[in-house]
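Undergrad: My questions all concern the structure below.
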Amino acid sequence: MVNDNTRNTENEENDMTDRTQTEPLDDAAGNGMLLELDHVSKIYGDLHAVDDLSLTVPRGQWLAIVGSSGSGKTTLMNIIGCMDTPTRGTVSIDGRRLANLGESQMADVRKNVIGLVFQKFYLVPYLTAVENVMVAQYYHSVVDEAEAMEALRKVGLGERAHHLPSQLSGGEQQRVCIARALINCPEIILADEPTGNLDEANEKIVLGLLRDLHEQGTTIIVVTHDALVASCAQREIMLNHGVLAGEKWNDDEARRRYEEMGGRPAFSGAHAPETAVGFDDPTKAAKTGGEAVDGAGVSAVGGAAVSAAADLRDEMETVKERRNHG
Ligand SMILES: Nc1ncnc2c1ncn2[C@@H]1O[C@H](COP(=O)(O)OP(=O)(O)O)[C@@H](O)[C@H]1O
Ligand SMILES: [Mg+2]
């Protein structure tokens, strides 16, 4: 297990070999990773909700985190979103190690760097759409109704600004949440099952909004168990019992850029693999060692990963068929 004092020399090397001449969007800053998780675990008693996970995400990447219910997706999201802290390991955003930040710096990251979108919308029921968007702004600085209105217009809800949440459809409520997440122009949008409560038409609208944000350079991390939603991302990682069970790229160009800047596959356990473990080969996805899991544990985790990946593959097939015939 890597302790908190271990220096991340790899990242520092990446900073030295900065490639600033590359494409404008995906690594606009050109100076390494926006998000770095280094051997992160969240442990409840003997349950490892997230288990020794290492992951880097460059600025501008669209990443999907997939996995069946209980696989640790929300726990991971809460850790990345500064709503929870890991039991072990370190998280850095924009080169700042979260554990080293004071309360006010942490609050600054929450307000200005991260925008959150949830499956349950968490709108204040007695405030109108525009007021709900202004609530997010209020934490930040001055309540500016014009800006809140502009954010609502961006998500196509200019006409609904003065409706209460109860007067809005699920899809419209989710768009209010996205407007609320956008108000402080966050670098990262974290969305936990953003389409989980939506019908197909609204799912499309929300995915379209995420696509627009991505095109504008926002880093997007979407948790989903919907293979179709996941397939919109450039890169997918699959969790199973908190362990990385596979990684898959949907965008070869994004992969090339990531690898060129020194980006490595995500992994669980002590050692980074040479190449990513695909979704199709989950038997290789067990932890790569380390003190937390003994031999029996590894095979148990591997077995669970096999069945989860098989489920997901089936789901993918269904999605492909749906697409081909629809
Ligand atoms: N506060 C908590 N206390 C104890 N166990 C928890 C807590 N939060 C999550 N867990 C457990 O951690 C595992 C992962 O949960 P979660 O991250 O919500 O999974 P997912 O979002 O993939 O469905 C589950 O077994 C869940 O019961
Ligand atoms: Mg969840």
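To be explicit about the labels: the chains of the structure tokens are called A, B, and onward in the order shown, and within each one the residues are counted from 1, while ligands get numbers from 1 in the order they are shown.
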How would you write, as a ChimeraX atom specification, the set of residues in region 4-222 of chain A that DSSP gives as strand (DSSP E or B)?
TA: /A:33-44,47-58,62-66,88-93,96-97,114-117,188-192,219-222
Undergrad: Identify, on the basis of only C-alpha atoms, every residue whose closest approach to Glu274 (chain A) does not exceed 12 Å; exclude the query and any residue fewer than 2 positions from it along the same chain; express the result as number ranges by chain.
TA: A: 259, 263-267, 271-272, 276-277, 288
Undergrad: Please identify all polymer residues within 12 Å of Asp199 (chain A), counting only C-alpha atoms, omitting same-chain residues fewer than 6 positions from it, and present them as an NGL selection string.
TA: :A and (169-172 or 174 or 205-206)
Undergrad: So the first atom is CA of Trp62 (chain A) and the second is CA of Pro165 (chain A); what is the distance between them in Å, to one decimal place?
TA: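 Going from CA of Trp62 (chain A) over to CA of Pro165 (chain A) covers 28.8 Å.
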Undergrad: Please identify all protein, DNA and RNA residues within 7 Å of ligand 2, counting only C-alpha atoms and all ligand atoms, and report them as an NGL selection string.
TA: :A and (69-70 or 73-74 or 192)
Undergrad: Please identify every polymer residue within 12 Å of ligand 1, using only C-alpha atoms and all ligand atoms, and present the set as number ranges by chain.
TA: A: 41-51, 65-79, 83-86, 118-119, 191-193, 196, 222-225, 238-243, 308
Undergrad: Emit the selected residues as a tab-separated table (two decimals), in the first residue's frame, including C-alpha atoms.
TA:
```tsv
chain	number	residue	atom	x	y	z
A	41	SER	CA	-9.61	2.71	-1.09
A	42	LYS	CA	-12.82	3.34	0.82
A	43	ILE	CA	-13.28	0.74	3.49
A	44	TYR	CA	-16.36	0.13	5.67
A	45	GLY	CA	-15.53	-2.57	8.23
A	46	ASP	CA	-14.37	-5.42	5.99
A	47	LEU	CA	-16.16	-4.09	2.92
A	48	HIS	CA	-13.89	-2.45	0.38
A	49	ALA	CA	-16.34	-0.22	-1.48
A	50	VAL	CA	-13.42	1.08	-3.55
A	51	ASP	CA	-10.39	-1.14	-3.48
A	65	ILE	CA	-17.55	4.63	-14.86
A	66	VAL	CA	-19.68	1.53	-15.27
A	67	GLY	CA	-20.45	-1.50	-13.15
A	68	SER	CA	-23.39	-3.25	-11.57
A	69	SER	CA	-25.19	-1.95	-8.50
A	70	GLY	CA	-22.99	-1.93	-5.43
A	71	SER	CA	-19.74	-1.95	-7.41
A	72	GLY	CA	-18.54	1.28	-5.79
A	73	LYS	CA	-19.40	3.82	-8.49
A	74	THR	CA	-21.15	6.33	-6.22
A	75	THR	CA	-18.51	5.93	-3.52
A	76	LEU	CA	-15.85	6.74	-6.08
A	77	MET	CA	-17.86	9.67	-7.41
A	78	ASN	CA	-18.29	11.09	-3.90
A	79	ILE	CA	-14.55	10.86	-3.34
A	83	MET	CA	-18.00	14.89	-0.68
A	84	ASP	CA	-16.16	11.99	0.92
A	85	THR	CA	-12.55	11.17	1.73
A	86	PRO	CA	-10.72	7.93	0.97
A	118	PHE	CA	-27.28	13.47	-9.55
A	119	GLN	CA	-29.82	10.84	-10.46
A	191	ALA	CA	-22.76	13.04	-13.11
A	192	ASP	CA	-24.00	10.04	-11.13
A	193	GLU	CA	-26.60	8.15	-13.21
A	196	GLY	CA	-31.25	7.04	-14.49
A	222	VAL	CA	-20.37	9.97	-15.84
A	223	VAL	CA	-21.38	7.07	-13.64
A	224	THR	CA	-23.88	4.84	-15.35
A	225	HIS	CA	-25.03	1.28	-15.62
A	238	MET	CA	-15.66	-0.91	-15.20
A	239	LEU	CA	-15.75	-1.50	-11.46
A	240	ASN	CA	-16.69	-4.71	-9.73
A	241	HIS	CA	-16.71	-4.91	-5.94
A	242	GLY	CA	-14.64	-1.74	-5.91
A	243	VAL	CA	-11.96	-3.31	-8.10
A	308	ALA	CA	-20.21	-8.67	-14.18
```
Undergrad: If you measure from CA of Gly115 (chain A) to CA of Leu34 (chain A), what distance in Å do you get, rounded to one decimal?
TA: 14.4 Å
Undergrad: Region 128-132 of chain A: which residues within 9 Å, counting only C-alpha atoms, same-chain residues fewer than 2 positions away excluded, as a CSV table (one decimal) with N, CA and C atoms, in the first residue's frame?
TA:
```
chain,number,residue,atom,x,y,z
A,123,LEU,N,-33.5,19.2,-6.1
A,123,LEU,CA,-33.9,20.5,-6.2
A,123,LEU,C,-34.7,20.9,-5.0
A,124,VAL,N,-34.6,22.2,-4.7
A,124,VAL,CA,-35.4,22.7,-3.5
A,124,VAL,C,-36.8,22.9,-4.0
A,125,PRO,N,-37.8,22.1,-3.4
A,125,PRO,CA,-39.1,22.1,-3.9
A,125,PRO,C,-39.9,23.4,-4.0
A,126,TYR,N,-39.6,24.3,-3.0
A,126,TYR,CA,-40.4,25.5,-3.0
A,126,TYR,C,-39.7,26.7,-3.7
A,134,MET,N,-30.0,29.7,-9.0
A,134,MET,CA,-29.3,30.8,-8.2
A,134,MET,C,-28.8,30.3,-6.9
A,135,VAL,N,-29.4,29.3,-6.3
A,135,VAL,CA,-28.9,28.7,-5.0
A,135,VAL,C,-27.4,28.3,-5.2
A,136,ALA,N,-27.1,27.6,-6.3
A,136,ALA,CA,-25.7,27.2,-6.5
A,136,ALA,C,-24.8,28.4,-6.6
A,145,GLU,N,-29.4,36.8,-11.3
A,145,GLU,CA,-30.5,36.1,-12.0
A,145,GLU,C,-30.3,36.0,-13.5
A,148,ALA,N,-28.2,33.1,-14.1
A,148,ALA,CA,-29.0,31.8,-13.9
A,148,ALA,C,-29.9,31.6,-15.1
A,149,MET,N,-30.5,32.7,-15.6
A,149,MET,CA,-31.4,32.6,-16.7
A,149,MET,C,-30.7,32.1,-17.9
A,151,ALA,N,-28.0,30.3,-18.0
A,151,ALA,CA,-27.7,28.8,-17.8
A,151,ALA,C,-29.0,28.0,-18.1
A,152,LEU,N,-30.1,28.5,-17.7
A,152,LEU,CA,-31.4,27.7,-18.0
A,152,LEU,C,-31.6,27.7,-19.5
A,157,LEU,N,-34.3,25.7,-21.2
A,157,LEU,CA,-35.4,25.8,-20.2
A,157,LEU,C,-35.8,27.3,-19.9
A,158,GLY,N,-35.4,28.2,-20.8
A,158,GLY,CA,-35.7,29.6,-20.6
A,158,GLY,C,-37.2,29.8,-20.3
A,160,ARG,N,-39.2,27.9,-18.9
A,160,ARG,CA,-39.7,27.2,-17.7
A,160,ARG,C,-39.1,27.8,-16.4
A,161,ALA,N,-38.4,28.9,-16.5
A,161,ALA,CA,-37.6,29.4,-15.4
A,161,ALA,C,-38.4,29.7,-14.1
A,162,HIS,N,-39.7,30.0,-14.2
A,162,HIS,CA,-40.4,30.4,-13.0
A,162,HIS,C,-41.4,29.2,-12.6
A,163,HIS,N,-41.2,28.0,-13.1
A,163,HIS,CA,-41.9,26.9,-12.6
A,163,HIS,C,-41.2,26.3,-11.4
A,164,LEU,N,-42.1,25.7,-10.5
A,164,LEU,CA,-41.5,24.9,-9.4
A,164,LEU,C,-41.1,23.5,-9.9
A,165,PRO,N,-40.2,22.8,-9.2
A,165,PRO,CA,-39.8,21.5,-9.6
A,165,PRO,C,-41.0,20.6,-9.9
A,168,LEU,N,-42.4,20.6,-13.3
A,168,LEU,CA,-41.5,20.2,-14.4
A,168,LEU,C,-41.4,18.7,-14.5
A,173,GLN,N,-36.4,18.6,-14.9
A,173,GLN,CA,-35.7,18.8,-13.6
A,173,GLN,C,-34.2,18.5,-13.7
A,176,VAL,N,-32.5,21.4,-15.1
A,176,VAL,CA,-32.3,22.4,-14.1
A,176,VAL,C,-31.0,22.1,-13.3
A,177,CYS,N,-30.9,20.8,-13.0
A,177,CYS,CA,-29.7,20.4,-12.2
A,177,CYS,C,-28.4,20.6,-13.0
A,180,ARG,N,-27.7,24.2,-12.9
A,180,ARG,CA,-27.1,24.5,-11.6
A,180,ARG,C,-25.7,24.1,-11.6
```
Undergrad: Please indicate the distance in Å from CA of Ala201 (chain A) to CA of Gly156 (chain A), rounded to one decimal place.
TA: 13.9 Å
Undergrad: List as a ChimeraX atom specification the protein and nucleic acid residues near Trp249 (chain A), meaning an atom at most 9 Å away when only C-alpha atoms are counted, but skip any in the same chain fewer than 4 places from it.
TA: /A:231,233-237,254-255,278
Undergrad: Nearest to Phe121 (chain A): which of A:Thr275, A:Thr219, A:Thr195, A:Thr87 is it, counting only C-alpha atoms?
TA: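 Distance minimum relative to Phe121 (chain A) lands on A:Thr195.
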Undergrad: I'd like the neighbourhood of Gly208 (chain A) as a list in words, where a residue qualifies if any of its atoms comes within 12 Å (using only C-alpha atoms), though same-chain residues fewer than 3 positions away should be ignored.
TA: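 Everything that qualifies: Lys154, Val155, Gly156, Arg175, Ile178, Thr195, Ala201, Asn202, Glu203, Lys204, Ile205, Arg211, Asp212, Leu213, His214, Glu215, Val229, Cys232 and Ala233 of chain A.
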Undergrad: What would the file look like if the residues just selected were written as a tab-separated table (two decimals), in the first residue's frame with C-alpha atoms?
TA:
```
chain	number	residue	atom	x	y	z
A	154	LYS	CA	-28.41	26.84	-22.40
A	155	VAL	CA	-30.28	23.73	-21.32
A	156	GLY	CA	-33.37	24.79	-23.24
A	175	ARG	CA	-31.79	19.96	-17.00
A	178	ILE	CA	-27.30	20.60	-15.17
A	195	THR	CA	-30.20	9.63	-17.07
A	201	ALA	CA	-36.19	11.30	-25.31
A	202	ASN	CA	-34.90	13.13	-22.24
A	203	GLU	CA	-31.90	10.83	-22.02
A	204	LYS	CA	-30.99	12.02	-25.51
A	205	ILE	CA	-31.33	15.66	-24.51
A	211	ARG	CA	-21.66	16.28	-25.52
A	212	ASP	CA	-21.82	20.08	-25.93
A	213	LEU	CA	-19.97	20.57	-22.66
A	214	HIS	CA	-17.35	18.07	-23.71
A	215	GLU	CA	-16.87	19.89	-26.99
A	229	VAL	CA	-24.88	6.18	-22.06
A	232	CYS	CA	-20.99	8.10	-25.57
A	233	ALA	CA	-17.85	8.56	-23.44
```
Undergrad: Can you tell me, as an MDAnalysis selection string, which residues in region 22-252 of chain A count as alpha helix (DSSP H) by DSSP?
TA: chainID A and resid 73:80 103:108 129:140 145:154 170:182 200:215 227:231 252
Undergrad: Looking at only C-alpha atoms, which of A:Gly89, A:Gln61, A:Leu210, A:Met33 is the one that sits closest to Ser268 (chain A)?
TA: A:Gly89
